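Colleague: Pasting protein.cif here (mmCIF, N, CA and C atoms):
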```
data_target
#
loop_
_atom_site.group_PDB
_atom_site.id
_atom_site.type_symbol
_atom_site.label_atom_id
_atom_site.label_comp_id
_atom_site.auth_asym_id
_atom_site.auth_seq_id
_atom_site.Cartn_x
_atom_site.Cartn_y
_atom_site.Cartn_z
ATOM 1 N N MET T 1 -107.015 24.672 -12.990
ATOM 2 C CA MET T 1 -106.014 24.167 -13.890
ATOM 3 C C MET T 1 -106.428 24.538 -15.315
ATOM 4 N N SER T 2 -105.446 24.974 -16.067
ATOM 5 C CA SER T 2 -105.726 25.387 -17.434
ATOM 6 C C SER T 2 -105.775 24.174 -18.358
ATOM 7 N N LYS T 3 -106.593 24.254 -19.386
ATOM 8 C CA LYS T 3 -106.692 23.134 -20.312
ATOM 9 C C LYS T 3 -105.515 23.095 -21.281
ATOM 10 N N PHE T 4 -104.678 24.148 -21.285
ATOM 11 C CA PHE T 4 -103.534 24.201 -22.180
ATOM 12 C C PHE T 4 -102.259 23.655 -21.531
ATOM 13 N N ILE T 5 -102.270 23.435 -20.213
ATOM 14 C CA ILE T 5 -101.089 22.951 -19.507
ATOM 15 C C ILE T 5 -101.382 21.561 -18.966
ATOM 16 N N SER T 6 -100.452 20.647 -19.219
ATOM 17 C CA SER T 6 -100.650 19.269 -18.735
ATOM 18 C C SER T 6 -100.494 19.234 -17.215
ATOM 19 N N ASP T 7 -100.990 18.156 -16.614
ATOM 20 C CA ASP T 7 -100.910 18.004 -15.164
ATOM 21 C C ASP T 7 -99.460 18.001 -14.679
ATOM 22 N N GLU T 8 -98.602 17.365 -15.442
ATOM 23 C CA GLU T 8 -97.194 17.283 -15.066
ATOM 24 C C GLU T 8 -96.546 18.672 -15.066
ATOM 25 N N LYS T 9 -96.813 19.457 -16.100
ATOM 26 C CA LYS T 9 -96.271 20.811 -16.192
ATOM 27 C C LYS T 9 -96.850 21.693 -15.079
ATOM 28 N N GLN T 10 -98.121 21.505 -14.761
ATOM 29 C CA GLN T 10 -98.758 22.287 -13.709
ATOM 30 C C GLN T 10 -98.102 21.992 -12.354
ATOM 31 N N LYS T 11 -97.765 20.715 -12.109
ATOM 32 C CA LYS T 11 -97.088 20.350 -10.863
ATOM 33 C C LYS T 11 -95.708 20.988 -10.796
ATOM 34 N N GLU T 12 -95.003 21.002 -11.918
ATOM 35 C CA GLU T 12 -93.692 21.642 -11.965
ATOM 36 C C GLU T 12 -93.807 23.136 -11.690
ATOM 37 N N LEU T 13 -94.817 23.777 -12.276
ATOM 38 C CA LEU T 13 -95.021 25.203 -12.047
ATOM 39 C C LEU T 13 -95.384 25.498 -10.586
ATOM 40 N N ASP T 14 -96.210 24.647 -10.000
ATOM 41 C CA ASP T 14 -96.575 24.815 -8.589
ATOM 42 C C ASP T 14 -95.352 24.653 -7.693
ATOM 43 N N ASP T 15 -94.513 23.661 -8.015
ATOM 44 C CA ASP T 15 -93.288 23.446 -7.245
ATOM 45 C C ASP T 15 -92.356 24.652 -7.375
ATOM 46 N N LEU T 16 -92.218 25.163 -8.586
ATOM 47 C CA LEU T 16 -91.386 26.336 -8.815
ATOM 48 C C LEU T 16 -91.912 27.541 -8.029
ATOM 49 N N GLU T 17 -93.214 27.732 -8.040
ATOM 50 C CA GLU T 17 -93.822 28.832 -7.309
ATOM 51 C C GLU T 17 -93.549 28.717 -5.803
ATOM 52 N N LYS T 18 -93.615 27.512 -5.251
ATOM 53 C CA LYS T 18 -93.329 27.298 -3.828
ATOM 54 C C LYS T 18 -91.866 27.602 -3.509
ATOM 55 N N ARG T 19 -90.963 27.177 -4.386
ATOM 56 C CA ARG T 19 -89.540 27.450 -4.148
ATOM 57 C C ARG T 19 -89.237 28.936 -4.219
ATOM 58 N N ILE T 20 -89.861 29.622 -5.168
ATOM 59 C CA ILE T 20 -89.662 31.063 -5.279
ATOM 60 C C ILE T 20 -90.168 31.768 -4.023
ATOM 61 N N GLU T 21 -91.325 31.390 -3.542
ATOM 62 C CA GLU T 21 -91.896 31.996 -2.335
ATOM 63 C C GLU T 21 -91.017 31.747 -1.113
ATOM 64 N N THR T 22 -90.482 30.529 -1.010
ATOM 65 C CA THR T 22 -89.573 30.201 0.096
ATOM 66 C C THR T 22 -88.310 31.053 0.027
ATOM 67 N N ALA T 23 -87.755 31.210 -1.173
ATOM 68 C CA ALA T 23 -86.549 32.019 -1.348
ATOM 69 C C ALA T 23 -86.819 33.482 -1.014
ATOM 70 N N ARG T 24 -87.974 33.996 -1.419
ATOM 71 C CA ARG T 24 -88.327 35.386 -1.116
ATOM 72 C C ARG T 24 -88.433 35.610 0.391
ATOM 73 N N LYS T 25 -89.089 34.681 1.087
ATOM 74 C CA LYS T 25 -89.231 34.811 2.545
ATOM 75 C C LYS T 25 -87.870 34.768 3.220
ATOM 76 N N SER T 26 -87.016 33.876 2.765
ATOM 77 C CA SER T 26 -85.683 33.755 3.347
ATOM 78 C C SER T 26 -84.886 35.039 3.137
ATOM 79 N N LYS T 27 -84.919 35.578 1.936
ATOM 80 C CA LYS T 27 -84.175 36.796 1.625
ATOM 81 C C LYS T 27 -84.730 37.985 2.402
ATOM 82 N N THR T 28 -86.056 38.063 2.522
ATOM 83 C CA THR T 28 -86.682 39.144 3.277
ATOM 84 C C THR T 28 -86.259 39.087 4.735
ATOM 85 N N ASN T 29 -86.206 37.895 5.311
ATOM 86 C CA ASN T 29 -85.765 37.743 6.699
ATOM 87 C C ASN T 29 -84.315 38.181 6.867
ATOM 88 N N GLU T 30 -83.452 37.812 5.927
ATOM 89 C CA GLU T 30 -82.050 38.213 5.990
ATOM 90 C C GLU T 30 -81.917 39.728 5.932
ATOM 91 N N ILE T 31 -82.664 40.368 5.049
ATOM 92 C CA ILE T 31 -82.606 41.820 4.914
ATOM 93 C C ILE T 31 -83.100 42.493 6.179
ATOM 94 N N ASN T 32 -84.192 41.998 6.756
ATOM 95 C CA ASN T 32 -84.725 42.598 7.979
ATOM 96 C C ASN T 32 -83.749 42.455 9.142
ATOM 97 N N ILE T 33 -83.113 41.316 9.262
ATOM 98 C CA ILE T 33 -82.133 41.113 10.340
ATOM 99 C C ILE T 33 -80.957 42.058 10.158
ATOM 100 N N LYS T 34 -80.470 42.193 8.937
ATOM 101 C CA LYS T 34 -79.350 43.089 8.667
ATOM 102 C C LYS T 34 -79.736 44.532 8.960
ATOM 103 N N ARG T 35 -80.923 44.949 8.567
ATOM 104 C CA ARG T 35 -81.396 46.304 8.795
ATOM 105 C C ARG T 35 -81.506 46.598 10.296
ATOM 106 N N GLU T 36 -82.055 45.642 11.063
ATOM 107 C CA GLU T 36 -82.177 45.837 12.508
ATOM 108 C C GLU T 36 -80.807 45.953 13.156
ATOM 109 N N THR T 37 -79.856 45.158 12.701
ATOM 110 C CA THR T 37 -78.509 45.201 13.255
ATOM 111 C C THR T 37 -77.846 46.531 12.956
ATOM 112 N N GLU T 38 -78.002 47.027 11.739
ATOM 113 C CA GLU T 38 -77.381 48.292 11.361
ATOM 114 C C GLU T 38 -78.012 49.463 12.086
ATOM 115 N N GLU T 39 -79.330 49.459 12.233
ATOM 116 C CA GLU T 39 -80.013 50.585 12.868
ATOM 117 C C GLU T 39 -79.702 50.683 14.345
ATOM 118 N N ASN T 40 -79.442 49.567 14.999
ATOM 119 C CA ASN T 40 -79.216 49.564 16.432
ATOM 120 C C ASN T 40 -77.743 49.585 16.805
ATOM 121 N N SER T 41 -76.862 49.712 15.834
ATOM 122 C CA SER T 41 -75.441 49.668 16.153
ATOM 123 C C SER T 41 -75.023 50.947 16.872
ATOM 124 N N PRO T 42 -74.163 50.825 17.864
ATOM 125 C CA PRO T 42 -73.707 52.003 18.601
ATOM 126 C C PRO T 42 -72.934 52.974 17.716
ATOM 127 N N GLU T 43 -72.227 52.452 16.727
ATOM 128 C CA GLU T 43 -71.463 53.328 15.833
ATOM 129 C C GLU T 43 -72.381 54.240 15.036
ATOM 130 N N ALA T 44 -73.504 53.698 14.602
ATOM 131 C CA ALA T 44 -74.457 54.509 13.838
ATOM 132 C C ALA T 44 -75.047 55.615 14.707
ATOM 133 N N LYS T 45 -75.340 55.290 15.949
ATOM 134 C CA LYS T 45 -75.891 56.298 16.857
ATOM 135 C C LYS T 45 -74.881 57.403 17.130
ATOM 136 N N LYS T 46 -73.619 57.024 17.322
ATOM 137 C CA LYS T 46 -72.588 58.023 17.589
ATOM 138 C C LYS T 46 -72.332 58.898 16.372
ATOM 139 N N SER T 47 -72.375 58.307 15.195
ATOM 140 C CA SER T 47 -72.198 59.092 13.970
ATOM 141 C C SER T 47 -73.370 60.043 13.762
ATOM 142 N N ALA T 48 -74.562 59.576 14.065
ATOM 143 C CA ALA T 48 -75.739 60.437 13.943
ATOM 144 C C ALA T 48 -75.649 61.599 14.928
ATOM 145 N N ARG T 49 -75.123 61.333 16.116
ATOM 146 C CA ARG T 49 -74.964 62.397 17.110
ATOM 147 C C ARG T 49 -73.996 63.454 16.590
ATOM 148 N N ALA T 50 -72.873 63.022 16.023
ATOM 149 C CA ALA T 50 -71.889 63.964 15.494
ATOM 150 C C ALA T 50 -72.486 64.787 14.362
ATOM 151 N N GLY T 51 -73.222 64.152 13.483
ATOM 152 C CA GLY T 51 -73.849 64.877 12.372
ATOM 153 C C GLY T 51 -74.899 65.856 12.841
ATOM 154 N N SER T 52 -75.679 65.456 13.832
ATOM 155 C CA SER T 52 -76.720 66.367 14.325
ATOM 156 C C SER T 52 -76.102 67.553 15.063
ATOM 157 N N GLU T 53 -75.006 67.332 15.772
ATOM 158 C CA GLU T 53 -74.326 68.458 16.430
ATOM 159 C C GLU T 53 -73.778 69.427 15.386
ATOM 160 N N PHE T 54 -73.229 68.888 14.324
ATOM 161 C CA PHE T 54 -72.704 69.740 13.251
ATOM 162 C C PHE T 54 -73.806 70.606 12.649
ATOM 163 N N LEU T 55 -74.920 69.982 12.292
ATOM 164 C CA LEU T 55 -76.026 70.735 11.690
ATOM 165 C C LEU T 55 -76.661 71.711 12.674
ATOM 166 N N ALA T 56 -76.749 71.325 13.936
ATOM 167 C CA ALA T 56 -77.340 72.213 14.944
ATOM 168 C C ALA T 56 -76.513 73.474 15.109
ATOM 169 N N ASN T 57 -75.211 73.360 15.060
ATOM 170 C CA ASN T 57 -74.357 74.548 15.186
ATOM 171 C C ASN T 57 -74.529 75.485 14.001
ATOM 172 N N ILE T 58 -74.621 74.941 12.821
ATOM 173 C CA ILE T 58 -74.828 75.784 11.636
ATOM 174 C C ILE T 58 -76.192 76.465 11.711
ATOM 175 N N PHE T 59 -77.208 75.718 12.077
ATOM 176 C CA PHE T 59 -78.559 76.264 12.185
ATOM 177 C C PHE T 59 -78.627 77.355 13.252
ATOM 178 N N ALA T 60 -77.991 77.119 14.394
ATOM 179 C CA ALA T 60 -77.983 78.116 15.463
ATOM 180 C C ALA T 60 -77.262 79.388 15.006
ATOM 181 N N GLY T 61 -76.159 79.216 14.294
ATOM 182 C CA GLY T 61 -75.440 80.380 13.773
ATOM 183 C C GLY T 61 -76.281 81.177 12.786
ATOM 184 N N ALA T 62 -77.009 80.468 11.931
ATOM 185 C CA ALA T 62 -77.866 81.153 10.954
ATOM 186 C C ALA T 62 -78.976 81.924 11.656
ATOM 187 N N LEU T 63 -79.596 81.325 12.655
ATOM 188 C CA LEU T 63 -80.658 82.018 13.390
ATOM 189 C C LEU T 63 -80.135 83.226 14.151
ATOM 190 N N LEU T 64 -78.997 83.067 14.794
ATOM 191 C CA LEU T 64 -78.405 84.177 15.524
ATOM 192 C C LEU T 64 -78.034 85.311 14.567
ATOM 193 N N GLY T 65 -77.422 84.957 13.453
ATOM 194 C CA GLY T 65 -77.056 85.973 12.466
ATOM 195 C C GLY T 65 -78.273 86.672 11.883
ATOM 196 N N TYR T 66 -79.328 85.929 11.614
ATOM 197 C CA TYR T 66 -80.552 86.531 11.088
ATOM 198 C C TYR T 66 -81.144 87.508 12.100
ATOM 199 N N GLY T 67 -81.153 87.103 13.364
ATOM 200 C CA GLY T 67 -81.696 87.974 14.410
ATOM 201 C C GLY T 67 -80.899 89.260 14.546
ATOM 202 N N ILE T 68 -79.595 89.155 14.519
ATOM 203 C CA ILE T 68 -78.754 90.352 14.619
ATOM 204 C C ILE T 68 -78.948 91.236 13.391
ATOM 205 N N ASP T 69 -78.989 90.640 12.217
ATOM 206 C CA ASP T 69 -79.231 91.422 10.995
ATOM 207 C C ASP T 69 -80.578 92.129 11.043
ATOM 208 N N TRP T 70 -81.577 91.438 11.500
ATOM 209 C CA TRP T 70 -82.912 92.036 11.575
ATOM 210 C C TRP T 70 -82.922 93.196 12.558
ATOM 211 N N TYR T 71 -82.285 93.020 13.720
ATOM 212 C CA TYR T 71 -82.298 94.043 14.761
ATOM 213 C C TYR T 71 -81.485 95.269 14.357
ATOM 214 N N PHE T 72 -80.295 95.048 13.804
ATOM 215 C CA PHE T 72 -79.419 96.166 13.464
ATOM 216 C C PHE T 72 -79.512 96.596 12.011
ATOM 217 N N GLY T 73 -80.206 95.860 11.170
ATOM 218 C CA GLY T 73 -80.345 96.213 9.762
ATOM 219 C C GLY T 73 -79.052 96.065 8.982
ATOM 220 N N THR T 74 -78.260 95.091 9.299
ATOM 221 C CA THR T 74 -76.953 94.903 8.653
ATOM 222 C C THR T 74 -76.960 93.771 7.635
ATOM 223 N N THR T 75 -78.090 93.474 7.088
ATOM 224 C CA THR T 75 -78.252 92.338 6.186
ATOM 225 C C THR T 75 -77.188 92.343 5.104
ATOM 226 N N PRO T 76 -76.564 91.277 4.779
ATOM 227 C CA PRO T 76 -76.527 89.898 5.264
ATOM 228 C C PRO T 76 -75.277 89.591 6.069
ATOM 229 N N TRP T 77 -74.544 90.607 6.513
ATOM 230 C CA TRP T 77 -73.204 90.391 7.060
ATOM 231 C C TRP T 77 -73.170 89.552 8.339
ATOM 232 N N ALA T 78 -74.037 89.829 9.265
ATOM 233 C CA ALA T 78 -74.024 89.054 10.512
ATOM 234 C C ALA T 78 -74.413 87.599 10.244
ATOM 235 N N MET T 79 -75.367 87.402 9.342
ATOM 236 C CA MET T 79 -75.789 86.033 9.040
ATOM 237 C C MET T 79 -74.646 85.250 8.397
ATOM 238 N N ILE T 80 -73.946 85.869 7.473
ATOM 239 C CA ILE T 80 -72.805 85.196 6.839
ATOM 240 C C ILE T 80 -71.743 84.860 7.883
ATOM 241 N N PHE T 81 -71.423 85.842 8.735
ATOM 242 C CA PHE T 81 -70.406 85.621 9.760
ATOM 243 C C PHE T 81 -70.801 84.490 10.706
ATOM 244 N N PHE T 82 -72.040 84.504 11.186
ATOM 245 C CA PHE T 82 -72.450 83.500 12.162
ATOM 246 C C PHE T 82 -72.677 82.116 11.539
ATOM 247 N N ILE T 83 -73.032 82.048 10.267
ATOM 248 C CA ILE T 83 -73.092 80.738 9.604
ATOM 249 C C ILE T 83 -71.689 80.146 9.525
ATOM 250 N N LEU T 84 -70.700 80.967 9.163
ATOM 251 C CA LEU T 84 -69.314 80.484 9.125
ATOM 252 C C LEU T 84 -68.837 80.088 10.523
ATOM 253 N N ALA T 85 -69.179 80.899 11.523
ATOM 254 C CA ALA T 85 -68.806 80.561 12.900
ATOM 255 C C ALA T 85 -69.492 79.259 13.331
ATOM 256 N N GLY T 86 -70.742 79.084 12.938
ATOM 257 C CA GLY T 86 -71.456 77.851 13.253
ATOM 258 C C GLY T 86 -70.836 76.655 12.563
ATOM 259 N N PHE T 87 -70.381 76.835 11.339
ATOM 260 C CA PHE T 87 -69.713 75.758 10.610
ATOM 261 C C PHE T 87 -68.429 75.343 11.322
ATOM 262 N N ILE T 88 -67.630 76.330 11.699
ATOM 263 C CA ILE T 88 -66.369 76.034 12.394
ATOM 264 C C ILE T 88 -66.651 75.353 13.735
ATOM 265 N N SER T 89 -67.605 75.890 14.463
ATOM 266 C CA SER T 89 -67.976 75.290 15.738
ATOM 267 C C SER T 89 -68.508 73.869 15.542
ATOM 268 N N GLY T 90 -69.297 73.672 14.498
ATOM 269 C CA GLY T 90 -69.841 72.348 14.202
ATOM 270 C C GLY T 90 -68.761 71.334 13.894
ATOM 271 N N VAL T 91 -67.743 71.758 13.160
ATOM 272 C CA VAL T 91 -66.630 70.855 12.854
ATOM 273 C C VAL T 91 -65.917 70.453 14.138
ATOM 274 N N TYR T 92 -65.656 71.431 15.010
ATOM 275 C CA TYR T 92 -65.002 71.107 16.281
ATOM 276 C C TYR T 92 -65.859 70.183 17.139
ATOM 277 N N ARG T 93 -67.152 70.450 17.226
ATOM 278 C CA ARG T 93 -68.043 69.631 18.058
ATOM 279 C C ARG T 93 -68.180 68.213 17.495
ATOM 280 N N ALA T 94 -68.315 68.087 16.179
ATOM 281 C CA ALA T 94 -68.418 66.765 15.568
ATOM 282 C C ALA T 94 -67.113 65.989 15.757
ATOM 283 N N ASN T 95 -65.996 66.685 15.623
ATOM 284 C CA ASN T 95 -64.704 66.050 15.833
ATOM 285 C C ASN T 95 -64.573 65.572 17.276
ATOM 286 N N ALA T 96 -64.992 66.386 18.227
ATOM 287 C CA ALA T 96 -64.933 66.001 19.640
ATOM 288 C C ALA T 96 -65.844 64.802 19.907
ATOM 289 N N ALA T 97 -67.020 64.790 19.306
ATOM 290 C CA ALA T 97 -67.941 63.669 19.504
ATOM 291 C C ALA T 97 -67.362 62.379 18.935
ATOM 292 N N MET T 98 -66.718 62.453 17.790
ATOM 293 C CA MET T 98 -66.129 61.256 17.197
ATOM 294 C C MET T 98 -64.904 60.785 17.990
ATOM 295 N N LYS T 99 -64.110 61.735 18.514
ATOM 296 C CA LYS T 99 -62.974 61.337 19.353
ATOM 297 C C LYS T 99 -63.472 60.625 20.606
ATOM 298 N N GLU T 100 -64.528 61.143 21.194
ATOM 299 C CA GLU T 100 -65.124 60.511 22.369
ATOM 300 C C GLU T 100 -65.605 59.098 22.021
ATOM 301 N N SER T 101 -66.180 58.962 20.845
ATOM 302 C CA SER T 101 -66.652 57.655 20.396
ATOM 303 C C SER T 101 -65.490 56.683 20.238
ATOM 304 N N TYR T 102 -64.384 57.143 19.668
ATOM 305 C CA TYR T 102 -63.230 56.263 19.493
ATOM 306 C C TYR T 102 -62.617 55.856 20.826
ATOM 307 N N LYS T 103 -62.594 56.791 21.787
ATOM 308 C CA LYS T 103 -62.068 56.464 23.109
ATOM 309 C C LYS T 103 -62.923 55.386 23.778
ATOM 310 N N GLU T 104 -64.237 55.486 23.630
ATOM 311 C CA GLU T 104 -65.128 54.479 24.207
ATOM 312 C C GLU T 104 -64.947 53.125 23.537
ATOM 313 N N ASN T 105 -64.676 53.129 22.246
ATOM 314 C CA ASN T 105 -64.454 51.867 21.524
ATOM 315 C C ASN T 105 -63.147 51.196 21.907
ATOM 316 N N ASP T 106 -62.141 52.000 22.260
ATOM 317 C CA ASP T 106 -60.836 51.455 22.621
ATOM 318 C C ASP T 106 -60.848 50.794 23.993
ATOM 319 N N LYS T 107 -61.820 51.116 24.830
ATOM 320 C CA LYS T 107 -61.861 50.553 26.181
ATOM 321 C C LYS T 107 -62.222 49.098 26.170
#
```
Render the structure in this file as C-alpha coordinates.

Modeller:
Amino acid sequence: MSKFISDEKQKELDDLEKRIETARKSKTNEINIKRETEENSPEAKKSARAGSEFLANIFAGALLGYGIDWYFGTTPWAMIFFILAGFISGVYRANAAMKESYKENDK
(Lines of atoms letter the chains of each structure in order from A and count residues from 1; the text may use other names and numbers.)
(Lines give C-alpha, C1' and ligand atoms only; values in the text may rest on other atoms or scores of the structure.)
Protein backbone atom coordinates (compact mmCIF):
# COMPACT_ATOMS: atom_id res chain seq x y z
CA MET A 1 0.00 0.00 0.00
CA SER A 2 1.30 3.40 -0.92
CA LYS A 3 1.71 6.07 1.73
CA PHE A 4 0.14 8.63 -0.64
CA ILE A 5 -3.20 6.78 -1.00
CA SER A 6 -5.63 6.40 1.89
CA ASP A 7 -6.98 2.99 2.83
CA GLU A 8 -10.43 3.92 1.57
CA LYS A 9 -9.11 5.01 -1.84
CA GLN A 10 -6.97 1.86 -2.05
CA LYS A 11 -10.06 -0.31 -1.45
CA GLU A 12 -11.91 1.56 -4.19
CA LEU A 13 -9.00 1.05 -6.57
CA ASP A 14 -8.82 -2.66 -5.73
CA ASP A 15 -12.56 -3.00 -6.31
CA LEU A 16 -12.26 -1.18 -9.63
CA GLU A 17 -9.39 -3.44 -10.67
CA LYS A 18 -11.47 -6.56 -9.87
CA ARG A 19 -14.43 -5.26 -11.88
CA ILE A 20 -12.21 -4.45 -14.84
CA GLU A 21 -10.67 -7.93 -14.75
CA THR A 22 -14.12 -9.54 -14.56
CA ALA A 23 -15.31 -7.48 -17.54
CA ARG A 24 -12.21 -8.40 -19.56
CA LYS A 25 -12.71 -12.12 -18.89
CA SER A 26 -16.37 -11.89 -19.83
CA LYS A 27 -15.62 -10.04 -23.07
CA THR A 28 -12.80 -12.44 -23.96
CA ASN A 29 -15.16 -15.40 -23.48
CA GLU A 30 -17.79 -13.77 -25.70
CA ILE A 31 -15.23 -13.13 -28.44
CA ASN A 32 -13.89 -16.69 -28.28
CA ILE A 33 -17.39 -18.18 -28.49
CA LYS A 34 -18.24 -15.97 -31.46
CA ARG A 35 -14.97 -16.85 -33.21
CA GLU A 36 -15.53 -20.59 -32.70
CA THR A 37 -19.06 -20.30 -34.06
CA GLU A 38 -17.94 -18.39 -37.14
CA GLU A 39 -15.00 -20.69 -37.90
CA ASN A 40 -17.10 -23.84 -37.70
CA SER A 41 -20.09 -22.59 -39.67
CA PRO A 42 -20.97 -24.64 -42.75
CA GLU A 43 -21.42 -21.48 -44.80
CA ALA A 44 -17.85 -20.43 -44.15
CA LYS A 45 -16.55 -23.83 -45.20
CA LYS A 46 -18.58 -23.78 -48.41
CA SER A 47 -17.42 -20.27 -49.25
CA ALA A 48 -13.82 -21.27 -48.62
CA ARG A 49 -14.29 -24.24 -50.94
CA ALA A 50 -15.61 -21.98 -53.71
CA GLY A 51 -12.72 -19.56 -53.27
CA SER A 52 -10.12 -22.29 -53.25
CA GLU A 53 -11.58 -23.83 -56.42
CA PHE A 54 -11.44 -20.43 -58.10
CA LEU A 55 -7.79 -19.87 -57.16
CA ALA A 56 -6.81 -23.44 -58.02
CA ASN A 57 -8.15 -23.05 -61.55
CA ILE A 58 -6.21 -19.84 -62.10
CA PHE A 59 -3.05 -21.38 -60.67
CA ALA A 60 -3.44 -24.51 -62.81
CA GLY A 61 -3.94 -22.37 -65.91
CA ALA A 62 -0.82 -20.35 -65.13
CA LEU A 63 1.28 -23.48 -64.66
CA LEU A 64 -0.04 -25.09 -67.82
CA GLY A 65 0.55 -21.91 -69.81
CA TYR A 66 4.07 -21.54 -68.42
CA GLY A 67 4.87 -25.14 -69.34
CA ILE A 68 3.60 -24.73 -72.88
CA ASP A 69 5.48 -21.44 -73.28
CA TRP A 70 8.67 -23.00 -72.00
CA TYR A 71 8.35 -26.04 -74.28
CA PHE A 72 7.39 -24.18 -77.46
CA GLY A 73 9.14 -20.87 -76.75
CA THR A 74 5.97 -18.82 -77.24
CA THR A 75 6.39 -16.61 -74.19
CA PRO A 76 3.98 -15.11 -72.89
CA TRP A 77 1.02 -15.99 -75.13
CA ALA A 78 0.12 -19.44 -73.83
CA MET A 79 0.43 -18.29 -70.23
CA ILE A 80 -1.87 -15.33 -70.84
CA PHE A 81 -4.39 -17.53 -72.64
CA PHE A 82 -4.41 -20.24 -69.98
CA ILE A 83 -4.61 -17.76 -67.08
CA LEU A 84 -7.72 -16.29 -68.73
CA ALA A 85 -9.08 -19.79 -69.34
CA GLY A 86 -8.36 -20.65 -65.70
CA PHE A 87 -10.17 -17.51 -64.57
CA ILE A 88 -13.24 -18.36 -66.63
CA SER A 89 -13.17 -21.95 -65.44
CA GLY A 90 -12.72 -20.77 -61.86
CA VAL A 91 -15.77 -18.52 -62.08
CA TYR A 92 -17.87 -21.41 -63.39
CA ARG A 93 -16.58 -23.82 -60.72
CA ALA A 94 -17.07 -21.33 -57.88
CA ASN A 95 -20.56 -20.56 -59.15
CA ALA A 96 -21.38 -24.28 -59.29
CA ALA A 97 -20.05 -24.78 -55.76
CA MET A 98 -22.16 -21.92 -54.42
CA LYS A 99 -25.28 -23.17 -56.24
CA GLU A 100 -24.71 -26.59 -54.68
CA SER A 101 -24.38 -24.90 -51.30
CA TYR A 102 -27.67 -23.03 -51.76
CA LYS A 103 -29.46 -26.22 -52.80
CA GLU A 104 -28.23 -27.95 -49.63
CA ASN A 105 -29.41 -25.01 -47.52
CA ASP A 106 -32.88 -25.09 -49.07
CA LYS A 107 -33.42 -28.73 -48.06

Colleague: Return the single residue from T:Phe87, T:Trp77, T:Glu43, T:Ala97 that is closest to Gly61 (chain T), with distances computed using all atoms listed in the file.

Modeller: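 Checking each of T:Phe87, T:Trp77, T:Glu43, T:Ala97 against Gly61 (chain T), counting all atoms listed in the file, the winner is T:Phe87.
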
Colleague: Just checking: using all atoms listed in the file, which residue out of T:Glu12, T:Ala62, T:Ser101, T:Ala56 ends up closest to Ile80 (chain T)?

Modeller: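 Going through T:Glu12, T:Ala62, T:Ser101, T:Ala56 one by one, the smallest distance to Ile80 (chain T) is for T:Ala62.
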
Colleague: For CA of Gly67 (chain T) and CA of Gly51 (chain T), determine how far apart the two atoms are, in Å to one decimal place.

Modeller: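 CA of Gly67 (chain T) sits 24.5 Å away from CA of Gly51 (chain T).
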
Colleague: Find the residue from T:Phe54, T:Thr74, T:Lys34, T:Ser41 that sits nearest to Arg93 (chain T); use only N, CA and C atoms when measuring.

Modeller: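 Nearest to Arg93 (chain T): T:Phe54.
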
Colleague: Take every atom of region 101-107 of chain T listed in the file, pad by 8 Å on each side, and give me the axis-aligned box centre and edge lengths in Å, one decimal, as lines of an AutoDock Vina configuration file.

Modeller:
```
center_x = -63.7
center_y = 54.0
center_z = 22.8
size_x = 21.8
size_y = 25.9
size_z = 22.7
```

Colleague: Applied to this file, what does the PyMOL selection byres (((chain T and resi 88 and name CA) around 12) and name CA) return in terms of residues, put as a PyMOL selection string?

Modeller: chain T and resi 53-58+61+81-87+89-95

Colleague: So, with only C-alpha atoms as the atoms that count, which of T:Ile31, T:Lys46, T:Lys9, T:Arg24 lies closest to Glu100 (chain T)?

Modeller: T:Lys46

Colleague: How many Å separate atom N of Leu64 (chain T) from CA of Ser47 (chain T)?

Modeller: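 For atom N of Leu64 (chain T) relative to CA of Ser47 (chain T), the distance reads 24.9 Å.
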
Colleague: Which is closest to Ala50 (chain T) among T:Lys27, T:Leu63, T:Phe4, T:Ala96, if we use only N, CA and C atoms?

Modeller: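 Smallest distance to Ala50 (chain T) is found for T:Ala96.
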
Colleague: For the atom pair atom C of Ile33 (chain T) and CA of Ser52 (chain T), what is the interatomic distance in Å to one decimal place?

Modeller: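 According to the coordinates, atom C of Ile33 (chain T) and CA of Ser52 (chain T) are separated by 25.0 Å.
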